[in-house]
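Undergrad: This is the structure I have questions about; it appears just below.
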Amino acid sequence: MRPGRNWGVLLGAAFLMATSAVGPGFLTQTTVFTQSLGASFGFVILTSILMDIGVQLNIWRVIAVSEMRAPDIANRVLPGLGGFISTLIVLGGLAFNVGNVGGAGLGLEVLTGLPVTVCAGLAAVMAIAIFLVREAGTLMDRFAQLMGLVMIGAIIYVAVITSPPAAEAALRTIAPTTVDFTAIITLVGGTVGGYITFSGGHRLLDAGVKGSAALPQVTQSAIMGVSVASLIRMLLFLATLGVVSQGAAIDAGNPTARYLS
């Protein structure tokens with residue numbers, strides 16, 4: 001594939017990875033850590049971004065050059081390891097995607113006023129419908145990009161109206177008053193852990209972006225994926241910081257927060 005004709009695929013893989021990372025756990029982690037660490041959570045985010053880029057670049061570049069999926073690579077390293085990793089990812093993916101469908105149901109409940117069970121069912125049907133379409137790859141690319149842009153737009157709006165202390169956040173991102181290593185590990189796992197980081201790399205492989213010649217494109221897409229997820233994380237941090245700085249607290253009555261915290 002020629003570089004000038006790959007933007008749809010590269011953006012699709014990047015947004016697929018980013019939107020896979022942004023689930024109920026991602027949102028809850030960000031809000032809970034912002035409440036406990038305040039502006040110093042910016043340092044945690046910055047540190048995790050640097051680690052995320054290293055992890056994602058390494059995995060996607062290995063997948064592209066080897067032209068094999070992650071389980072096949074693992075089997076080459078140690079026979080049987082690929083099957084073990086696949087089992088863990090399937091089990092984890094099932095658990096996390098139940099949460100994702102539930103989160104989508106909660107969001108649709110707010111927008112439509114319908115019962116959350118009905119909304120969760122609608123979200124599941126929408127996800128299944130994408131994969132039933134013959135050109136699922138292209139549709140998934142477009143859908144992931146659209147949903148990513150919608151999330152960014154919504155969080156920017158919330159961040160603006162909450163008026164967060166941006167100057168303090170910028171200062172504490174470089175000079176934190178508190179450093180929480182548990183929070184850093186949690187954020188790295190929530191952004192590039194499990195199936196999340198493999199999803200975009202495998203999407204590039206399916207689209208024919210592979211081999212040593214494709215490394216510049218793979219690198220570009222990997223960095224874009226982490227950048228989109230990190231942008232959402234930073235905006236959500238600022239939005240939450242704005243609320244917390246005004247003396248408010250996270251609503252323990254929120255079903256998602258109560259379940260995940």
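Here's how to read the names in the structure tokens: chain A, B, ... by the order shown, residue numbers from 1 in each chain, ligand numbers from 1 in the order shown.
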Residues of segment 57-176 of chain A that approach segment 190-199 of chain A to 9 Å or less, counting only C-alpha atoms: could you list each one with the shortest pair of atoms and its distance in Å to one decimal, rows by chain and increasing residue number, as JSON lines?
TA:
```
{"residue": "A:Ile59", "atom": "CA", "partner": "A:Phe198", "partner_atom": "CA", "distance": 7.5}
{"residue": "A:Trp60", "atom": "CA", "partner": "A:Phe198", "partner_atom": "CA", "distance": 7.4}
{"residue": "A:Ile63", "atom": "CA", "partner": "A:Phe198", "partner_atom": "CA", "distance": 8.8}
{"residue": "A:Arg69", "atom": "CA", "partner": "A:Phe198", "partner_atom": "CA", "distance": 8.4}
{"residue": "A:Ala70", "atom": "CA", "partner": "A:Phe198", "partner_atom": "CA", "distance": 7.2}
{"residue": "A:Leu88", "atom": "CA", "partner": "A:Gly194", "partner_atom": "CA", "distance": 8.3}
{"residue": "A:Ile89", "atom": "CA", "partner": "A:Gly194", "partner_atom": "CA", "distance": 5.8}
{"residue": "A:Val90", "atom": "CA", "partner": "A:Tyr195", "partner_atom": "CA", "distance": 8.2}
{"residue": "A:Gly92", "atom": "CA", "partner": "A:Gly194", "partner_atom": "CA", "distance": 7.3}
{"residue": "A:Gly93", "atom": "CA", "partner": "A:Tyr195", "partner_atom": "CA", "distance": 6.7}
```
Undergrad: Excluding same-chain residues fewer than 3 positions from segment 231-248 of chain A, what lies within 9 Å of it counting only C-alpha atoms, as an MDAnalysis selection string?
TA: chainID A and resid 18 22 26:27 30:31 33:35 38:39 41:42 45 148 151:152 155:166 169 226:228 251
Undergrad: Quick one: of A:Ala144, A:Ala207, A:Ala104, A:Val118, who's nearest to Ile130 of chain A, counting only C-alpha atoms?
TA: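 Among A:Ala144, A:Ala207, A:Ala104, A:Val118, it is A:Ala144 that comes nearest to Ile130 of chain A.
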Undergrad: Pick out each residue of segment 124-175 of chain A that DSSP on the backbone tags as alpha helix (DSSP H); I need them as a PDB file with N, CA and C atoms, in the first residue's frame.
TA:
```pdb
ATOM      1  N   ALA A 124     -25.432  -3.552  22.403  1.00  0.00           N
ATOM      2  CA  ALA A 124     -24.919  -4.859  21.971  1.00  0.00           C
ATOM      3  C   ALA A 124     -25.327  -5.158  20.534  1.00  0.00           C
ATOM      4  N   VAL A 125     -26.574  -4.840  20.172  1.00  0.00           N
ATOM      5  CA  VAL A 125     -27.058  -5.070  18.808  1.00  0.00           C
ATOM      6  C   VAL A 125     -26.262  -4.232  17.805  1.00  0.00           C
ATOM      7  N   MET A 126     -25.974  -2.973  18.166  1.00  0.00           N
ATOM      8  CA  MET A 126     -25.190  -2.111  17.286  1.00  0.00           C
ATOM      9  C   MET A 126     -23.800  -2.695  17.044  1.00  0.00           C
ATOM     10  N   ALA A 127     -23.173  -3.201  18.111  1.00  0.00           N
ATOM     11  CA  ALA A 127     -21.829  -3.777  17.978  1.00  0.00           C
ATOM     12  C   ALA A 127     -21.854  -5.023  17.096  1.00  0.00           C
ATOM     13  N   ILE A 128     -22.860  -5.879  17.305  1.00  0.00           N
ATOM     14  CA  ILE A 128     -22.972  -7.110  16.499  1.00  0.00           C
ATOM     15  C   ILE A 128     -23.238  -6.769  15.043  1.00  0.00           C
ATOM     16  N   ALA A 129     -24.080  -5.746  14.806  1.00  0.00           N
ATOM     17  CA  ALA A 129     -24.443  -5.366  13.439  1.00  0.00           C
ATOM     18  C   ALA A 129     -23.223  -4.958  12.624  1.00  0.00           C
ATOM     19  N   ILE A 130     -22.268  -4.288  13.275  1.00  0.00           N
ATOM     20  CA  ILE A 130     -21.057  -3.853  12.566  1.00  0.00           C
ATOM     21  C   ILE A 130     -20.325  -5.054  11.976  1.00  0.00           C
ATOM     22  N   PHE A 131     -20.233  -6.137  12.739  1.00  0.00           N
ATOM     23  CA  PHE A 131     -19.478  -7.309  12.290  1.00  0.00           C
ATOM     24  C   PHE A 131     -20.280  -8.203  11.345  1.00  0.00           C
ATOM     25  N   LEU A 132     -21.584  -7.957  11.232  1.00  0.00           N
ATOM     26  CA  LEU A 132     -22.392  -8.725  10.285  1.00  0.00           C
ATOM     27  C   LEU A 132     -22.335  -8.138   8.878  1.00  0.00           C
ATOM     28  N   ALA A 136     -17.009  -5.148   7.012  1.00  0.00           N
ATOM     29  CA  ALA A 136     -16.932  -4.780   8.432  1.00  0.00           C
ATOM     30  C   ALA A 136     -15.675  -3.973   8.753  1.00  0.00           C
ATOM     31  N   GLY A 137     -14.561  -4.291   8.089  1.00  0.00           N
ATOM     32  CA  GLY A 137     -13.306  -3.597   8.380  1.00  0.00           C
ATOM     33  C   GLY A 137     -13.413  -2.107   8.124  1.00  0.00           C
ATOM     34  N   THR A 138     -13.917  -1.736   6.952  1.00  0.00           N
ATOM     35  CA  THR A 138     -14.070  -0.322   6.605  1.00  0.00           C
ATOM     36  C   THR A 138     -15.078   0.358   7.506  1.00  0.00           C
ATOM     37  N   LEU A 139     -16.206  -0.326   7.758  1.00  0.00           N
ATOM     38  CA  LEU A 139     -17.241   0.239   8.621  1.00  0.00           C
ATOM     39  C   LEU A 139     -16.705   0.452  10.034  1.00  0.00           C
ATOM     40  N   MET A 140     -15.913  -0.505  10.528  1.00  0.00           N
ATOM     41  CA  MET A 140     -15.356  -0.388  11.867  1.00  0.00           C
ATOM     42  C   MET A 140     -14.396   0.792  11.952  1.00  0.00           C
ATOM     43  N   ASP A 141     -13.598   0.993  10.896  1.00  0.00           N
ATOM     44  CA  ASP A 141     -12.694   2.143  10.863  1.00  0.00           C
ATOM     45  C   ASP A 141     -13.476   3.452  10.999  1.00  0.00           C
ATOM     46  N   ARG A 142     -14.519   3.590  10.190  1.00  0.00           N
ATOM     47  CA  ARG A 142     -15.307   4.826  10.195  1.00  0.00           C
ATOM     48  C   ARG A 142     -16.035   5.009  11.531  1.00  0.00           C
ATOM     49  N   PHE A 143     -16.599   3.925  12.053  1.00  0.00           N
ATOM     50  CA  PHE A 143     -17.355   4.001  13.303  1.00  0.00           C
ATOM     51  C   PHE A 143     -16.441   4.376  14.459  1.00  0.00           C
ATOM     52  N   ALA A 144     -15.244   3.767  14.494  1.00  0.00           N
ATOM     53  CA  ALA A 144     -14.288   4.064  15.572  1.00  0.00           C
ATOM     54  C   ALA A 144     -13.853   5.529  15.513  1.00  0.00           C
ATOM     55  N   GLN A 145     -13.604   6.041  14.292  1.00  0.00           N
ATOM     56  CA  GLN A 145     -13.204   7.441  14.157  1.00  0.00           C
ATOM     57  C   GLN A 145     -14.331   8.373  14.618  1.00  0.00           C
ATOM     58  N   LEU A 146     -15.557   8.067  14.202  1.00  0.00           N
ATOM     59  CA  LEU A 146     -16.702   8.907  14.550  1.00  0.00           C
ATOM     60  C   LEU A 146     -16.915   8.931  16.061  1.00  0.00           C
ATOM     61  N   MET A 147     -16.914   7.760  16.691  1.00  0.00           N
ATOM     62  CA  MET A 147     -17.133   7.687  18.129  1.00  0.00           C
ATOM     63  C   MET A 147     -15.998   8.365  18.905  1.00  0.00           C
ATOM     64  N   GLY A 148     -14.775   8.230  18.400  1.00  0.00           N
ATOM     65  CA  GLY A 148     -13.647   8.892  19.041  1.00  0.00           C
ATOM     66  C   GLY A 148     -13.801  10.405  19.020  1.00  0.00           C
ATOM     67  N   LEU A 149     -14.221  10.939  17.884  1.00  0.00           N
ATOM     68  CA  LEU A 149     -14.414  12.385  17.757  1.00  0.00           C
ATOM     69  C   LEU A 149     -15.575  12.862  18.630  1.00  0.00           C
ATOM     70  N   VAL A 150     -16.632  12.054  18.713  1.00  0.00           N
ATOM     71  CA  VAL A 150     -17.776  12.416  19.567  1.00  0.00           C
ATOM     72  C   VAL A 150     -17.341  12.471  21.025  1.00  0.00           C
ATOM     73  N   MET A 151     -16.555  11.481  21.476  1.00  0.00           N
ATOM     74  CA  MET A 151     -16.077  11.466  22.861  1.00  0.00           C
ATOM     75  C   MET A 151     -15.208  12.671  23.159  1.00  0.00           C
ATOM     76  N   ILE A 152     -14.287  12.983  22.244  1.00  0.00           N
ATOM     77  CA  ILE A 152     -13.401  14.125  22.451  1.00  0.00           C
ATOM     78  C   ILE A 152     -14.208  15.421  22.532  1.00  0.00           C
ATOM     79  N   GLY A 153     -15.174  15.582  21.623  1.00  0.00           N
ATOM     80  CA  GLY A 153     -16.001  16.782  21.625  1.00  0.00           C
ATOM     81  C   GLY A 153     -16.798  16.931  22.909  1.00  0.00           C
ATOM     82  N   ALA A 154     -17.378  15.837  23.388  1.00  0.00           N
ATOM     83  CA  ALA A 154     -18.191  15.892  24.604  1.00  0.00           C
ATOM     84  C   ALA A 154     -17.344  16.237  25.822  1.00  0.00           C
ATOM     85  N   ILE A 155     -16.144  15.636  25.902  1.00  0.00           N
ATOM     86  CA  ILE A 155     -15.293  15.879  27.070  1.00  0.00           C
ATOM     87  C   ILE A 155     -14.708  17.293  27.029  1.00  0.00           C
ATOM     88  N   ILE A 156     -14.407  17.804  25.827  1.00  0.00           N
ATOM     89  CA  ILE A 156     -13.938  19.200  25.712  1.00  0.00           C
ATOM     90  C   ILE A 156     -15.007  20.154  26.251  1.00  0.00           C
ATOM     91  N   TYR A 157     -16.250  19.895  25.895  1.00  0.00           N
ATOM     92  CA  TYR A 157     -17.358  20.736  26.364  1.00  0.00           C
ATOM     93  C   TYR A 157     -17.429  20.728  27.888  1.00  0.00           C
ATOM     94  N   VAL A 158     -17.345  19.520  28.489  1.00  0.00           N
ATOM     95  CA  VAL A 158     -17.416  19.419  29.944  1.00  0.00           C
ATOM     96  C   VAL A 158     -16.211  20.103  30.589  1.00  0.00           C
ATOM     97  N   ALA A 159     -15.021  19.913  29.979  1.00  0.00           N
ATOM     98  CA  ALA A 159     -13.806  20.523  30.528  1.00  0.00           C
ATOM     99  C   ALA A 159     -13.892  22.048  30.514  1.00  0.00           C
ATOM    100  N   VAL A 160     -14.522  22.598  29.499  1.00  0.00           N
ATOM    101  CA  VAL A 160     -14.635  24.058  29.396  1.00  0.00           C
ATOM    102  C   VAL A 160     -15.599  24.606  30.437  1.00  0.00           C
ATOM    103  N   ILE A 161     -16.758  23.976  30.596  1.00  0.00           N
ATOM    104  CA  ILE A 161     -17.777  24.530  31.498  1.00  0.00           C
ATOM    105  C   ILE A 161     -17.424  24.332  32.980  1.00  0.00           C
ATOM    106  N   ALA A 166      -6.200  25.178  35.196  1.00  0.00           N
ATOM    107  CA  ALA A 166      -5.268  24.676  34.194  1.00  0.00           C
ATOM    108  C   ALA A 166      -3.811  24.978  34.542  1.00  0.00           C
ATOM    109  N   ALA A 167      -3.549  26.160  35.105  1.00  0.00           N
ATOM    110  CA  ALA A 167      -2.173  26.535  35.440  1.00  0.00           C
ATOM    111  C   ALA A 167      -1.603  25.601  36.508  1.00  0.00           C
ATOM    112  N   GLU A 168      -2.391  25.305  37.522  1.00  0.00           N
ATOM    113  CA  GLU A 168      -1.936  24.387  38.570  1.00  0.00           C
ATOM    114  C   GLU A 168      -1.736  22.991  38.004  1.00  0.00           C
ATOM    115  N   ALA A 169      -2.636  22.565  37.120  1.00  0.00           N
ATOM    116  CA  ALA A 169      -2.522  21.241  36.524  1.00  0.00           C
ATOM    117  C   ALA A 169      -1.234  21.130  35.707  1.00  0.00           C
ATOM    118  N   ALA A 170      -0.899  22.188  34.959  1.00  0.00           N
ATOM    119  CA  ALA A 170       0.326  22.188  34.157  1.00  0.00           C
ATOM    120  C   ALA A 170       1.563  22.126  35.056  1.00  0.00           C
ATOM    121  N   LEU A 171       1.534  22.873  36.164  1.00  0.00           N
ATOM    122  CA  LEU A 171       2.668  22.880  37.091  1.00  0.00           C
ATOM    123  C   LEU A 171       2.854  21.512  37.735  1.00  0.00           C
ATOM    124  N   ARG A 172       1.770  20.926  38.234  1.00  0.00           N
ATOM    125  CA  ARG A 172       1.868  19.651  38.937  1.00  0.00           C
ATOM    126  C   ARG A 172       2.124  18.477  38.010  1.00  0.00           C
ATOM    127  N   THR A 173       1.905  18.670  36.717  1.00  0.00           N
ATOM    128  CA  THR A 173       2.248  17.625  35.753  1.00  0.00           C
ATOM    129  C   THR A 173       3.757  17.457  35.673  1.00  0.00           C
ATOM    130  N   ILE A 174       4.483  18.537  35.919  1.00  0.00           N
ATOM    131  CA  ILE A 174       5.950  18.503  35.901  1.00  0.00           C
ATOM    132  C   ILE A 174       6.528  18.389  37.308  1.00  0.00           C
TER     133      ILE A 174
END
```
Undergrad: By how many Å are atom CA of Gly83 of chain A and atom CA of Met68 of chain A apart?
TA: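 So the answer is 14.3 Å.
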Undergrad: Between A:Leu81, A:Ala123, A:Leu114, A:Met17, which is the closest to Arg203 of chain A once you count only C-alpha atoms?
TA: A:Met17
